[in-house]
Each structure stands twice: as structure tokens, then as C-alpha cells.
Amino acid sequence: MKKQIIIALTFSICAFSFAQKKELKTAEKAIKGNNYAEAKAALKQAEGLMSSMDDKLKAQYYYLNAEALYANGAATITDIDAALESLGKVQGSYDSEVSILKQTMVNGILTKGNGFYEKKDFSTSSKYFEKAYRLSTKDTMFLYYAAATAVNVQEYDRALALYEELKGLGYTGIENQYFATDSNNEEELFSNKDLRDVSVKTKTHTNPVNRLSESKKPEIAKNVALIYVSKGEDEKALSAMKDARAESPDDVNLLLSEANVHYKMGNIAQFKNLLVEATKMDPNNPELQYNLGVIAAESEQPAEARAYYEKCISLDPSYINAYINLSALILAKEEPIIKEMNGLGSSKKDDLRYDELRLKRQDLYKDAVPFLTKAMEIDDKNISAAKTLMNIYSILGETAKHKEMKAKVDVLEAAE
């Protein structure tokens with residue numbers, strides 16, 4: 001009786017082993033024929049026998065399962081994840097096969113990622129670039145591409161996580177670049193050294209030069225800071241800005257981003273200090289001068305504001321807002337004049353004072369007219385400037401100009 005039981009068990013084990021091998025062989029044959037649905041069905045059958053498989057058969061199962069899930073590039077993102085998980089379980093065997101499959105998957109995933117990128121589907125593209133990195137972690141540039149494309153579609157939480165991962169890896173993005181001069185005497189960048197060297201050898205190019213690319217660390221630090229700005233996490237943004245500026249101290253745009261965070265937080269003094277610092281870095285930037293003018297005006301420093309606006313115009317004579325704000329600075333002086341005029345009595349002395357103030361008010365209008373006129377020359381559809389001019393001409397008694405400007409205002413209002 002005991003001998004019969006032992007024989008029965010032996011037969012049972014052999015049957016299991018035969019079934020396992022049969023299903024795996026069926027799956028392997030189906031994969032070679034690109035029949036991935038059949039392969040998955042066979043692997044599903046084999047999965048039920050997993051507990052009795054030896055290590056070699058398990059390695060074969062997980063490898064074939066990854067192949068079936070990847071489906072020669074037809075896999076969805078979910079299937080790719082499952083394929084990666086299955087490859088991670090292959091142990092002891094199939095090392096070379098796993099390596100080849102991973103490289104095939106990387107190439108296919110990158111091709112798909114680039115395809116989605118060209119279609120401007122940056123969200124999907126980003127996910128494929130990340131998968132390429134997960135398969136080939138030595139290629140950290142794929143992770144960088146994943147983060148950068150996520151930023152394009154404002155997937156900030158995901159981009160932030162990827163950027164932080166890059167920072168943790170110490171990623172710089174610095175790589176060797178290979179240049180040579182073409183027949184038009186223009187320097188050309190080649191994708192690799194071998195291609196450049198062949199071009200030089202065949203004399204289509206000359207003067208081979210190797211250079212290192214710029215570090216991506218400043219860009220990463222800057223994007224992390226800007227992501228925190230967009231999320232409204234101002235303190236984190238300022239901390240990230242500090243890191244970013246340490247990486248790229250001469251980046252005026254980064255300095256301005258930090259200035260804007262301070263402005264948003266109500267730190268006007270620090271905002272102004274950073275703008276002044278920015279003008280030293282970029283003294284010919286009219287926008288910086290204009291923004292300093294706005295801050296000076298808001299801080300009730302009209303003389304300083306006027307100087308900044310005039311500097312802005314000297315750098316860019318077509319900067320329309322500087323002209324409009326200069327006129328606003330001048331017309332702001334009208335309010336105390338009107339207040340005093342309205343408070344005067346009917347005595348002879350008051351009448352004389354009233355006439356003095358009226359003339360002073362008219363002089364303000366006359367000072368403002370050239371700036372508003374220039375604004376209209378730059379943009380003849382600027383209804384705000386047109387209305388202000390119309391009212392000024394009315395008060396000054398310049399009837400013809402008032403009628404002309406009123407007609408223009410009527411046309412502009414009808415077009416709105």
C-alpha cells in the first residue's frame with residue numbers, strides 16, 4: 001500500500017511538471033507568433049501551477065509574462081507597469097534575455113514618448129519617459145525629460161516629485177558634446193562622437209571640438225521654486241529660490257521670480273531691493289525700470305517714479321505704459337488743487353486764489369497732454385488715453401481737439 005501511494009504521488013508530480021512546461025511552451029510559441037492574447041491565456045493557466053514550479057520554471061514564467069504584457073510595444077502604460085513588475089521577479093536565469101527585453105522596451109517606450117511629445121500630448125509623453133527611466137536607471141536624462149514635460153502641462157505635483165528625485169540623484173545633465181565645422185563655416189553639433197569623427201574623416205567637416213554641455217541643476221532648482229510659487233507655498237518657494245540662485249547667481253529672471261514672490265507676500269521693500277539689484281545686472285531692461293517706477297509711485301515717491309519711467313522710455317521709446325503712468329503722476333497732483341478750489345469762499349482774495357489754482361490745474365493738464373498724445377501715437381486704440389485727452393481738451397477749452405477726440409472715443413466704444 002505504501003509503495004502504491006509513493007508511486008501515485010510521483011505520477012502526480014510528473015503530471016504537474018508536464019502541465020507547467022506545456023503551458024509555458026504554448027505561451028512561448030504564441031509570443032513568437034505575436035499572438036499575445038493566446039500567450040496570456042496560457043500563462044494564466046500556468047499561474048495556477050506556480051506553487052509547484054521550481055526556480056527555473058518560475059524565472060521562465062515571469063520572463064514570458066513580461067514579454068506577453070509588453071506585446072512587442074503595443075502595451076498600455078498599465079501593462080508596461082505589470083511587465084516591469086514581472087521582470088523584477090525573474091531570478092537566477094534569463095539574465096541576457098531580460099537585458100535584451102529591457103533594452104527593447106526602453107527603445108519602444110522612448111519612441112512612443114517622442115511620438116506623444118510631437119503631438120504635444122506632454123502628459124502621456126512624460127509618463128512614457130519616466131517608464132524608460134525605470135527600465136534603465138543609468139539613463140537619468142529620461143527622468144529629466146519626464147519632469148520637464150510634466151511641467152509643460154502643469155502637472156506640478158508629479159513634476160516636483162520627479163525633480164526632487166533628480167536632485168537626490170545629484171543629476172547635473174552635463175554631457176560631452178561633439179562639434180565640427182561644416183562647409184558653410186558653421187559649427188554643427190553631432191549626436192555622438194563616432195558620427196562626428198566619420199564626418200571629419202570624409203572631409204565634409206573640419207575642426208572637431210569637444211565641449212561639456214551646461215548643467216541642468218540651475219534649471220531644476222528654478223523650476224522647483226516656480227512650482228512652489230504656482231502652488232502658493234511661498235515660504236518653500238523662497239527656500240527653493242535661494243537654492244536656485246546659488247546654482248545660477250547671474251540669472252536675472254530667477255532674481256525677478258524671487259522678487260515677485262516677495263511682492264505677493266507683501267514684502268514690498270524686499271521686492272524693490274531685488275528689482276534694484278536686477279537693474280544692476282540688466283541695466284538696459286526697460287521693464288525693470290518701469291516696475292521700479294510703479295513701486296515708487298505706490299510708495300508715494302512721485303519724483304523717483306518719474307525718473308524710473310523716463311529711464312524706461314529712454315531705453316524703449318515705444319513702452320506705452322510708461323507714458324500713461326507719467327501722465328497719471330502729473331494728473332495725481334490735481335486732487336489737492338481741486339480740494340482747495342472747492343473750499344474757497346467768495347471774497348476777492350479767494351477769487352484771486354481760485355484763478356491761480358485754475359491756471360495751475362491747467363498747467364498740469366498741459367504737462368500731461370504730450371505723454372497721452374505719445375501713447376495714442378503708439379496705440380491709437382487706447383481708449384483710456386483717448387478719454388483722458390478728451391476730458392483735458394474740454395477743460396482747457398480747446399473745442400476742436402475735444403470734438404476730434406470725442407469722435408475717436410465714440411468709434412472705440414462702438415467697437416468694444
# chains A, B, ... in the order shown; residues from 1 in each chain; ligands from 1
$ select_by_dssp --residues "range 42-191 of chain A" --states "helix (DSSP H, G or I)" --output "PDB file with C-alpha atoms, in the first residue's frame"
ATOM      1  CA  ALA A  42      -1.575  30.000 -21.427  1.00  0.00           C
ATOM      2  CA  LEU A  43       0.321  31.927 -18.772  1.00  0.00           C
ATOM      3  CA  LYS A  44      -2.883  32.288 -16.778  1.00  0.00           C
ATOM      4  CA  GLN A  45      -3.156  28.515 -16.768  1.00  0.00           C
ATOM      5  CA  ALA A  46       0.481  28.187 -15.730  1.00  0.00           C
ATOM      6  CA  GLU A  47      -0.011  30.695 -12.928  1.00  0.00           C
ATOM      7  CA  MET A  50       3.057  28.391  -9.643  1.00  0.00           C
ATOM      8  CA  SER A  51       3.319  26.866  -6.169  1.00  0.00           C
ATOM      9  CA  SER A  52       4.819  23.658  -7.581  1.00  0.00           C
ATOM     10  CA  ASP A  55      13.066  28.366  -9.660  1.00  0.00           C
ATOM     11  CA  LYS A  56      13.982  27.848 -13.302  1.00  0.00           C
ATOM     12  CA  LEU A  57      10.357  27.482 -14.390  1.00  0.00           C
ATOM     13  CA  LYS A  58       9.357  30.496 -12.284  1.00  0.00           C
ATOM     14  CA  ALA A  59      12.046  32.573 -13.979  1.00  0.00           C
ATOM     15  CA  GLN A  60      10.748  31.425 -17.363  1.00  0.00           C
ATOM     16  CA  TYR A  61       7.170  32.214 -16.389  1.00  0.00           C
ATOM     17  CA  TYR A  62       7.923  35.759 -15.228  1.00  0.00           C
ATOM     18  CA  TYR A  63      10.053  36.459 -18.291  1.00  0.00           C
ATOM     19  CA  LEU A  64       7.388  35.196 -20.709  1.00  0.00           C
ATOM     20  CA  ASN A  65       4.719  37.058 -18.762  1.00  0.00           C
ATOM     21  CA  ALA A  66       6.671  40.298 -19.226  1.00  0.00           C
ATOM     22  CA  GLU A  67       7.022  39.599 -22.956  1.00  0.00           C
ATOM     23  CA  ALA A  68       3.290  38.908 -23.281  1.00  0.00           C
ATOM     24  CA  LEU A  69       2.327  42.041 -21.359  1.00  0.00           C
ATOM     25  CA  TYR A  70       4.674  44.252 -23.350  1.00  0.00           C
ATOM     26  CA  ALA A  71       3.232  42.756 -26.546  1.00  0.00           C
ATOM     27  CA  ASN A  72       6.086  43.965 -28.732  1.00  0.00           C
ATOM     28  CA  GLY A  73       5.326  47.612 -27.939  1.00  0.00           C
ATOM     29  CA  ILE A  77       1.093  52.182 -19.515  1.00  0.00           C
ATOM     30  CA  THR A  78      -0.659  49.804 -17.079  1.00  0.00           C
ATOM     31  CA  ASP A  79       0.621  46.745 -18.963  1.00  0.00           C
ATOM     32  CA  ILE A  80       4.139  48.207 -19.027  1.00  0.00           C
ATOM     33  CA  ASP A  81       3.994  48.600 -15.251  1.00  0.00           C
ATOM     34  CA  ALA A  82       2.904  44.987 -14.905  1.00  0.00           C
ATOM     35  CA  ALA A  83       5.650  43.865 -17.316  1.00  0.00           C
ATOM     36  CA  LEU A  84       8.267  45.720 -15.270  1.00  0.00           C
ATOM     37  CA  GLU A  85       6.973  44.115 -12.093  1.00  0.00           C
ATOM     38  CA  SER A  86       7.156  40.684 -13.720  1.00  0.00           C
ATOM     39  CA  LEU A  87      10.719  41.277 -14.944  1.00  0.00           C
ATOM     40  CA  ASP A  95      19.762  37.332 -17.421  1.00  0.00           C
ATOM     41  CA  SER A  96      20.717  38.025 -21.024  1.00  0.00           C
ATOM     42  CA  GLU A  97      17.118  37.677 -22.229  1.00  0.00           C
ATOM     43  CA  VAL A  98      15.915  40.094 -19.554  1.00  0.00           C
ATOM     44  CA  SER A  99      18.626  42.584 -20.517  1.00  0.00           C
ATOM     45  CA  ILE A 100      17.683  42.394 -24.207  1.00  0.00           C
ATOM     46  CA  LEU A 101      13.953  42.712 -23.456  1.00  0.00           C
ATOM     47  CA  LYS A 102      14.553  45.711 -21.212  1.00  0.00           C
ATOM     48  CA  GLN A 103      16.553  47.481 -23.924  1.00  0.00           C
ATOM     49  CA  THR A 104      13.845  46.660 -26.470  1.00  0.00           C
ATOM     50  CA  MET A 105      11.240  48.065 -24.096  1.00  0.00           C
ATOM     51  CA  VAL A 106      13.304  51.202 -23.471  1.00  0.00           C
ATOM     52  CA  ASN A 107      13.644  51.837 -27.204  1.00  0.00           C
ATOM     53  CA  GLY A 108       9.956  51.238 -27.829  1.00  0.00           C
ATOM     54  CA  ILE A 109       8.841  53.345 -24.873  1.00  0.00           C
ATOM     55  CA  LEU A 110      11.077  56.238 -25.967  1.00  0.00           C
ATOM     56  CA  THR A 111       9.702  56.034 -29.491  1.00  0.00           C
ATOM     57  CA  LYS A 112       6.167  56.252 -28.126  1.00  0.00           C
ATOM     58  CA  GLY A 113       7.121  59.023 -25.727  1.00  0.00           C
ATOM     59  CA  ASN A 114       8.639  61.057 -28.551  1.00  0.00           C
ATOM     60  CA  GLY A 115       5.549  60.434 -30.648  1.00  0.00           C
ATOM     61  CA  PHE A 116       3.271  61.801 -27.949  1.00  0.00           C
ATOM     62  CA  TYR A 117       5.666  64.727 -27.446  1.00  0.00           C
ATOM     63  CA  GLU A 118       5.483  65.640 -31.142  1.00  0.00           C
ATOM     64  CA  PHE A 122       3.010  66.163 -22.920  1.00  0.00           C
ATOM     65  CA  SER A 123       1.189  64.394 -20.107  1.00  0.00           C
ATOM     66  CA  THR A 124       1.345  60.988 -21.795  1.00  0.00           C
ATOM     67  CA  SER A 125       4.819  61.692 -23.140  1.00  0.00           C
ATOM     68  CA  SER A 126       6.058  62.413 -19.621  1.00  0.00           C
ATOM     69  CA  LYS A 127       4.760  59.106 -18.316  1.00  0.00           C
ATOM     70  CA  TYR A 128       6.498  57.165 -21.095  1.00  0.00           C
ATOM     71  CA  PHE A 129       9.786  58.970 -20.428  1.00  0.00           C
ATOM     72  CA  GLU A 130       9.507  58.033 -16.774  1.00  0.00           C
ATOM     73  CA  LYS A 131       8.894  54.376 -17.673  1.00  0.00           C
ATOM     74  CA  ALA A 132      12.014  54.437 -19.841  1.00  0.00           C
ATOM     75  CA  TYR A 133      13.992  55.622 -16.834  1.00  0.00           C
ATOM     76  CA  ARG A 134      12.515  52.960 -14.536  1.00  0.00           C
ATOM     77  CA  LEU A 135      13.739  50.356 -17.025  1.00  0.00           C
ATOM     78  CA  THR A 140      18.835  59.741 -15.751  1.00  0.00           C
ATOM     79  CA  MET A 141      18.149  62.087 -18.670  1.00  0.00           C
ATOM     80  CA  PHE A 142      14.884  60.177 -19.224  1.00  0.00           C
ATOM     81  CA  LEU A 143      13.778  61.166 -15.726  1.00  0.00           C
ATOM     82  CA  TYR A 144      14.712  64.767 -16.528  1.00  0.00           C
ATOM     83  CA  TYR A 145      12.587  64.634 -19.711  1.00  0.00           C
ATOM     84  CA  ALA A 146       9.702  63.219 -17.682  1.00  0.00           C
ATOM     85  CA  ALA A 147       9.864  66.114 -15.212  1.00  0.00           C
ATOM     86  CA  ALA A 148      10.250  68.797 -17.878  1.00  0.00           C
ATOM     87  CA  THR A 149       7.277  67.555 -19.928  1.00  0.00           C
ATOM     88  CA  ALA A 150       5.118  67.294 -16.803  1.00  0.00           C
ATOM     89  CA  VAL A 151       5.782  70.997 -16.190  1.00  0.00           C
ATOM     90  CA  ASN A 152       4.514  71.758 -19.706  1.00  0.00           C
ATOM     91  CA  TYR A 156       3.175  70.266 -10.792  1.00  0.00           C
ATOM     92  CA  ASP A 157       2.907  67.688  -8.006  1.00  0.00           C
ATOM     93  CA  ARG A 158       4.243  64.963 -10.266  1.00  0.00           C
ATOM     94  CA  ALA A 159       6.936  67.220 -11.742  1.00  0.00           C
ATOM     95  CA  LEU A 160       8.010  68.245  -8.257  1.00  0.00           C
ATOM     96  CA  ALA A 161       8.406  64.619  -7.164  1.00  0.00           C
ATOM     97  CA  LEU A 162      10.484  63.858 -10.266  1.00  0.00           C
ATOM     98  CA  TYR A 163      12.658  66.948  -9.798  1.00  0.00           C
ATOM     99  CA  GLU A 164      13.253  66.072  -6.156  1.00  0.00           C
ATOM    100  CA  GLU A 165      14.264  62.570  -7.243  1.00  0.00           C
ATOM    101  CA  LEU A 166      16.714  64.094  -9.737  1.00  0.00           C
ATOM    102  CA  LYS A 167      18.166  66.325  -7.025  1.00  0.00           C
ATOM    103  CA  GLY A 168      18.565  63.307  -4.751  1.00  0.00           C
ATOM    104  CA  LEU A 169      20.464  61.537  -7.528  1.00  0.00           C
TER     105      LEU A 169
END
$ residues_around --residues "Tyr365 in chain A" --least-positions-apart "6" --cutoff "10 Å" --atoms "only C-alpha atoms" --output "ChimeraX atom specification"
/A:327,330-331,334,359,388-389,391-393,395-396
$ write_last_selection --atoms "N, CA, C and O atoms" --output "tab-separated table (two decimals), in the first residue's frame"
chain	number	residue	atom	x	y	z
A	327	SER	N	1.71	110.42	-17.25
A	327	SER	CA	0.57	111.34	-17.26
A	327	SER	C	-0.24	111.20	-15.97
A	327	SER	O	-0.73	112.18	-15.43
A	330	ILE	N	1.40	113.08	-13.14
A	330	ILE	CA	1.15	114.53	-13.25
A	330	ILE	C	-0.28	114.86	-12.82
A	330	ILE	O	-0.50	115.78	-12.03
A	331	LEU	N	-1.24	114.10	-13.31
A	331	LEU	CA	-2.64	114.38	-13.01
A	331	LEU	C	-2.99	114.10	-11.55
A	331	LEU	O	-3.97	114.63	-11.03
A	334	GLU	N	-3.52	116.96	-9.22
A	334	GLU	CA	-4.73	117.76	-9.39
A	334	GLU	C	-5.63	117.71	-8.16
A	334	GLU	O	-6.31	118.69	-7.81
A	359	LEU	N	-5.28	128.17	-13.08
A	359	LEU	CA	-4.16	128.20	-14.02
A	359	LEU	C	-3.15	127.08	-13.73
A	359	LEU	O	-2.59	126.47	-14.63
A	388	THR	N	-9.10	110.37	-21.52
A	388	THR	CA	-8.41	111.36	-20.69
A	388	THR	C	-8.09	112.61	-21.50
A	388	THR	O	-8.30	113.75	-21.04
A	389	LEU	N	-7.60	112.43	-22.70
A	389	LEU	CA	-7.30	113.57	-23.58
A	389	LEU	C	-8.57	114.35	-23.91
A	389	LEU	O	-8.58	115.59	-23.91
A	391	ASN	N	-11.28	114.70	-22.12
A	391	ASN	CA	-11.68	115.50	-20.95
A	391	ASN	C	-10.73	116.68	-20.72
A	391	ASN	O	-11.17	117.78	-20.36
A	392	ILE	N	-9.45	116.47	-20.93
A	392	ILE	CA	-8.48	117.55	-20.77
A	392	ILE	C	-8.76	118.68	-21.76
A	392	ILE	O	-8.78	119.87	-21.40
A	393	TYR	N	-8.99	118.32	-23.03
A	393	TYR	CA	-9.25	119.34	-24.05
A	393	TYR	C	-10.53	120.12	-23.73
A	393	TYR	O	-10.63	121.32	-23.99
A	395	ILE	N	-11.72	120.74	-20.65
A	395	ILE	CA	-11.42	121.67	-19.54
A	395	ILE	C	-10.55	122.83	-20.01
A	395	ILE	O	-10.71	123.98	-19.58
A	396	LEU	N	-9.63	122.54	-20.94
A	396	LEU	CA	-8.76	123.60	-21.45
A	396	LEU	C	-9.46	124.50	-22.45
A	396	LEU	O	-8.91	125.54	-22.86
$ closest_residue --among "A:Asp54, A:Asp194, A:Glu214, A:Glu219" --to "Ala240 in chain A" --atoms "only C-alpha atoms"
A:Glu219
$ residues_around --residues "Pro317 in chain A" --least-positions-apart "5" --cutoff "10 Å" --atoms "only C-alpha atoms" --output "list in words"
Pro286, Glu310, Lys311, Cys312, Ala322, Tyr323, Lys374 and Ile378 of chain A
$ write_last_selection --atoms "all heavy atoms" --output "short mmCIF file (atom, residue, chain, number, x, y, z; two decimals), in the first residue's frame"
data_model
loop_
_atom_site.label_atom_id
_atom_site.label_comp_id
_atom_site.auth_asym_id
_atom_site.auth_seq_id
_atom_site.Cartn_x
_atom_site.Cartn_y
_atom_site.Cartn_z
N PRO A 286 14.08 97.84 -19.99
CA PRO A 286 13.07 98.87 -19.70
C PRO A 286 11.99 98.40 -18.73
O PRO A 286 11.46 99.19 -17.95
CB PRO A 286 12.48 99.18 -21.09
CG PRO A 286 12.77 97.98 -21.91
CD PRO A 286 14.06 97.42 -21.40
N GLU A 310 10.93 107.73 -17.00
CA GLU A 310 11.68 108.41 -18.07
C GLU A 310 12.87 107.56 -18.52
O GLU A 310 13.21 107.54 -19.70
CB GLU A 310 12.13 109.79 -17.60
CG GLU A 310 10.96 110.78 -17.49
CD GLU A 310 11.37 112.13 -16.91
OE1 GLU A 310 12.47 112.21 -16.32
OE2 GLU A 310 10.58 113.09 -17.04
N LYS A 311 13.49 106.85 -17.57
CA LYS A 311 14.57 105.95 -17.92
C LYS A 311 14.05 104.81 -18.79
O LYS A 311 14.68 104.41 -19.78
CB LYS A 311 15.22 105.39 -16.65
CG LYS A 311 16.32 104.36 -16.88
CD LYS A 311 17.52 104.94 -17.56
CE LYS A 311 18.66 103.93 -17.66
NZ LYS A 311 19.83 104.44 -18.39
N CYS A 312 12.88 104.31 -18.44
CA CYS A 312 12.23 103.25 -19.22
C CYS A 312 12.02 103.71 -20.66
O CYS A 312 12.33 102.98 -21.61
CB CYS A 312 10.90 102.87 -18.56
SG CYS A 312 9.88 101.76 -19.56
N ALA A 322 4.59 103.36 -19.77
CA ALA A 322 5.40 104.38 -19.10
C ALA A 322 4.86 105.77 -19.38
O ALA A 322 4.80 106.63 -18.48
CB ALA A 322 6.86 104.27 -19.55
N TYR A 323 4.41 106.02 -20.61
CA TYR A 323 3.82 107.32 -20.96
C TYR A 323 2.52 107.54 -20.19
O TYR A 323 2.27 108.63 -19.64
CB TYR A 323 3.54 107.40 -22.46
CG TYR A 323 4.77 107.45 -23.32
CD1 TYR A 323 5.20 106.32 -24.02
CD2 TYR A 323 5.52 108.62 -23.44
CE1 TYR A 323 6.33 106.36 -24.81
CE2 TYR A 323 6.67 108.66 -24.24
CZ TYR A 323 7.06 107.52 -24.91
OH TYR A 323 8.18 107.57 -25.70
N LYS A 374 1.55 110.86 -27.04
CA LYS A 374 2.52 109.86 -27.47
C LYS A 374 1.96 108.45 -27.31
O LYS A 374 2.16 107.58 -28.17
CB LYS A 374 3.80 110.00 -26.65
CG LYS A 374 4.92 109.07 -27.08
CD LYS A 374 5.40 109.38 -28.48
CE LYS A 374 6.55 108.48 -28.90
NZ LYS A 374 7.00 108.74 -30.28
N ILE A 378 1.42 105.57 -30.28
CA ILE A 378 1.87 104.17 -30.21
C ILE A 378 0.71 103.22 -30.38
O ILE A 378 0.81 102.20 -31.07
CB ILE A 378 2.59 103.91 -28.87
CG1 ILE A 378 3.85 104.78 -28.76
CG2 ILE A 378 2.96 102.43 -28.71
CD1 ILE A 378 4.45 104.82 -27.37
#
$ select_by_dssp --residues "range 112-337 of chain A" --states "strand (DSSP E)" --output "mmCIF file with N, CA and C atoms, in the first residue's frame"
data_model
loop_
_atom_site.group_PDB
_atom_site.id
_atom_site.type_symbol
_atom_site.label_atom_id
_atom_site.label_comp_id
_atom_site.auth_asym_id
_atom_site.auth_seq_id
_atom_site.Cartn_x
_atom_site.Cartn_y
_atom_site.Cartn_z
ATOM 1 N N ASN A 176 29.140 65.150 -22.634
ATOM 2 C CA ASN A 176 30.052 65.525 -23.707
ATOM 3 C C ASN A 176 29.263 65.849 -24.969
ATOM 4 N N GLN A 177 29.666 66.922 -25.633
ATOM 5 C CA GLN A 177 29.053 67.295 -26.902
ATOM 6 C C GLN A 177 30.140 67.354 -27.964
ATOM 7 N N TYR A 178 29.775 66.931 -29.166
ATOM 8 C CA TYR A 178 30.762 66.786 -30.236
ATOM 9 C C TYR A 178 30.405 67.702 -31.402
ATOM 10 N N PHE A 179 31.310 68.631 -31.705
ATOM 11 C CA PHE A 179 31.085 69.633 -32.737
ATOM 12 C C PHE A 179 32.116 69.503 -33.851
ATOM 13 N N ALA A 180 31.741 69.989 -35.022
ATOM 14 C CA ALA A 180 32.683 70.151 -36.132
ATOM 15 C C ALA A 180 32.115 71.231 -37.052
ATOM 16 N N THR A 181 32.982 71.831 -37.849
ATOM 17 C CA THR A 181 32.583 72.935 -38.720
ATOM 18 C C THR A 181 32.237 72.407 -40.104
ATOM 19 N N GLU A 187 29.359 75.886 -37.139
ATOM 20 C CA GLU A 187 29.621 74.768 -36.231
ATOM 21 C C GLU A 187 28.357 73.926 -36.067
ATOM 22 N N GLU A 188 28.534 72.618 -36.195
ATOM 23 C CA GLU A 188 27.398 71.693 -36.108
ATOM 24 C C GLU A 188 27.585 70.745 -34.933
ATOM 25 N N LEU A 189 26.495 70.512 -34.196
ATOM 26 C CA LEU A 189 26.510 69.567 -33.074
ATOM 27 C C LEU A 189 26.099 68.186 -33.579
ATOM 28 N N PHE A 190 26.901 67.175 -33.250
ATOM 29 C CA PHE A 190 26.602 65.800 -33.655
ATOM 30 C C PHE A 190 26.041 65.011 -32.471
ATOM 31 N N THR A 206 35.299 69.972 -40.654
ATOM 32 C CA THR A 206 36.655 70.202 -40.146
ATOM 33 C C THR A 206 36.576 70.697 -38.706
ATOM 34 N N ASN A 207 37.756 70.874 -38.130
ATOM 35 C CA ASN A 207 37.871 71.489 -36.804
ATOM 36 C C ASN A 207 37.008 70.800 -35.739
ATOM 37 N N PRO A 208 37.240 69.515 -35.455
ATOM 38 C CA PRO A 208 36.458 68.825 -34.413
ATOM 39 C C PRO A 208 36.748 69.411 -33.027
ATOM 40 N N VAL A 209 35.685 69.625 -32.269
ATOM 41 C CA VAL A 209 35.811 70.206 -30.927
ATOM 42 C C VAL A 209 34.886 69.454 -29.977
ATOM 43 N N ASN A 210 35.393 69.157 -28.775
ATOM 44 C CA ASN A 210 34.569 68.556 -27.720
ATOM 45 C C ASN A 210 34.290 69.601 -26.644
ATOM 46 N N ARG A 211 33.056 69.649 -26.185
ATOM 47 C CA ARG A 211 32.709 70.554 -25.091
ATOM 48 C C ARG A 211 31.750 69.845 -24.144
ATOM 49 N N LEU A 212 31.699 70.350 -22.924
ATOM 50 C CA LEU A 212 30.706 69.861 -21.963
ATOM 51 C C LEU A 212 29.470 70.734 -22.049
#
$ residues_around --residues "Glu298 in chain A" --least-positions-apart "6" --cutoff "12 Å" --atoms "only C-alpha atoms" --output "list in words"
Ile268, Ala269, Lys272, Asn291, Leu292, Glu304, Ala305, Asn325, Ala328, Leu329 and Ala332 of chain A
$ closest_residue --among "A:Glu38, A:Ser347, A:Tyr228, A:Leu255" --to "Lys280 in chain A" --atoms "only C-alpha atoms"
A:Leu255
$ closest_residue --among "A:Glu23, A:Asn253, A:Ser346, A:Ile324" --to "Pro370 in chain A" --atoms "only C-alpha atoms"
A:Ile324
$ atom_distance --atom1 "CA of Lys387 in chain A" --atom2 "CA of Leu344 in chain A"
29.0 Å
$ closest_residue --among "A:Glu258, A:Glu300, A:Glu277, A:Asp182" --to "Asp243 in chain A" --atoms "only C-alpha atoms"
A:Glu258
$ residues_around --residues "Thr279 in chain A" --least-positions-apart "5" --cutoff "10 Å" --atoms "only C-alpha atoms" --output "count of residues only"
9
$ residues_around --residues "range 406-414 of chain A" --least-positions-apart "3" --cutoff "12 Å" --atoms "only C-alpha atoms" --output "count of residues only"
22
$ decode --residues "range 206-213 of chain A" --atoms "all heavy atoms" --output "mmCIF file, in the first residue's frame"
data_model
loop_
_atom_site.group_PDB
_atom_site.id
_atom_site.type_symbol
_atom_site.label_atom_id
_atom_site.label_comp_id
_atom_site.auth_asym_id
_atom_site.auth_seq_id
_atom_site.Cartn_x
_atom_site.Cartn_y
_atom_site.Cartn_z
ATOM 1 N N THR A 206 35.299 69.972 -40.654
ATOM 2 C CA THR A 206 36.655 70.202 -40.146
ATOM 3 C C THR A 206 36.576 70.697 -38.706
ATOM 4 O O THR A 206 35.495 70.919 -38.166
ATOM 5 C CB THR A 206 37.381 71.258 -40.999
ATOM 6 O OG1 THR A 206 36.620 72.478 -40.969
ATOM 7 C CG2 THR A 206 37.537 70.798 -42.441
ATOM 8 N N ASN A 207 37.756 70.874 -38.130
ATOM 9 C CA ASN A 207 37.871 71.489 -36.804
ATOM 10 C C ASN A 207 37.008 70.800 -35.739
ATOM 11 O O ASN A 207 36.115 71.419 -35.150
ATOM 12 C CB ASN A 207 37.523 72.984 -36.878
ATOM 13 C CG ASN A 207 37.906 73.713 -35.606
ATOM 14 O OD1 ASN A 207 38.864 73.339 -34.937
ATOM 15 N ND2 ASN A 207 37.159 74.747 -35.269
ATOM 16 N N PRO A 208 37.240 69.515 -35.455
ATOM 17 C CA PRO A 208 36.458 68.825 -34.413
ATOM 18 C C PRO A 208 36.748 69.411 -33.027
ATOM 19 O O PRO A 208 37.899 69.681 -32.681
ATOM 20 C CB PRO A 208 36.932 67.379 -34.516
ATOM 21 C CG PRO A 208 38.298 67.473 -35.116
ATOM 22 C CD PRO A 208 38.271 68.640 -36.053
ATOM 23 N N VAL A 209 35.685 69.625 -32.269
ATOM 24 C CA VAL A 209 35.811 70.206 -30.927
ATOM 25 C C VAL A 209 34.886 69.454 -29.977
ATOM 26 O O VAL A 209 33.741 69.161 -30.322
ATOM 27 C CB VAL A 209 35.436 71.709 -30.932
ATOM 28 C CG1 VAL A 209 35.512 72.270 -29.508
ATOM 29 C CG2 VAL A 209 36.361 72.491 -31.846
ATOM 30 N N ASN A 210 35.393 69.157 -28.775
ATOM 31 C CA ASN A 210 34.569 68.556 -27.720
ATOM 32 C C ASN A 210 34.290 69.601 -26.644
ATOM 33 O O ASN A 210 35.195 70.346 -26.253
ATOM 34 C CB ASN A 210 35.277 67.370 -27.072
ATOM 35 C CG ASN A 210 35.530 66.249 -28.058
ATOM 36 O OD1 ASN A 210 35.008 66.264 -29.172
ATOM 37 N ND2 ASN A 210 36.321 65.282 -27.657
ATOM 38 N N ARG A 211 33.056 69.649 -26.185
ATOM 39 C CA ARG A 211 32.709 70.554 -25.091
ATOM 40 C C ARG A 211 31.750 69.845 -24.144
ATOM 41 O O ARG A 211 31.046 68.910 -24.533
ATOM 42 C CB ARG A 211 32.016 71.825 -25.603
ATOM 43 C CG ARG A 211 32.876 72.694 -26.486
ATOM 44 C CD ARG A 211 32.264 74.088 -26.648
ATOM 45 N NE ARG A 211 32.896 74.818 -27.734
ATOM 46 C CZ ARG A 211 32.393 74.934 -28.944
ATOM 47 N NH1 ARG A 211 31.233 74.376 -29.222
ATOM 48 N NH2 ARG A 211 33.032 75.595 -29.882
ATOM 49 N N LEU A 212 31.699 70.350 -22.924
ATOM 50 C CA LEU A 212 30.706 69.861 -21.963
ATOM 51 C C LEU A 212 29.470 70.734 -22.049
ATOM 52 O O LEU A 212 29.559 71.966 -22.180
ATOM 53 C CB LEU A 212 31.272 69.904 -20.538
ATOM 54 C CG LEU A 212 32.387 68.912 -20.215
ATOM 55 C CD1 LEU A 212 32.888 69.157 -18.792
ATOM 56 C CD2 LEU A 212 31.898 67.476 -20.357
ATOM 57 N N SER A 213 28.292 70.104 -21.999
ATOM 58 C CA SER A 213 27.047 70.868 -22.001
ATOM 59 C C SER A 213 26.870 71.574 -20.659
ATOM 60 O O SER A 213 27.537 71.243 -19.675
ATOM 61 C CB SER A 213 25.853 69.933 -22.251
ATOM 62 O OG SER A 213 25.717 69.009 -21.179
#
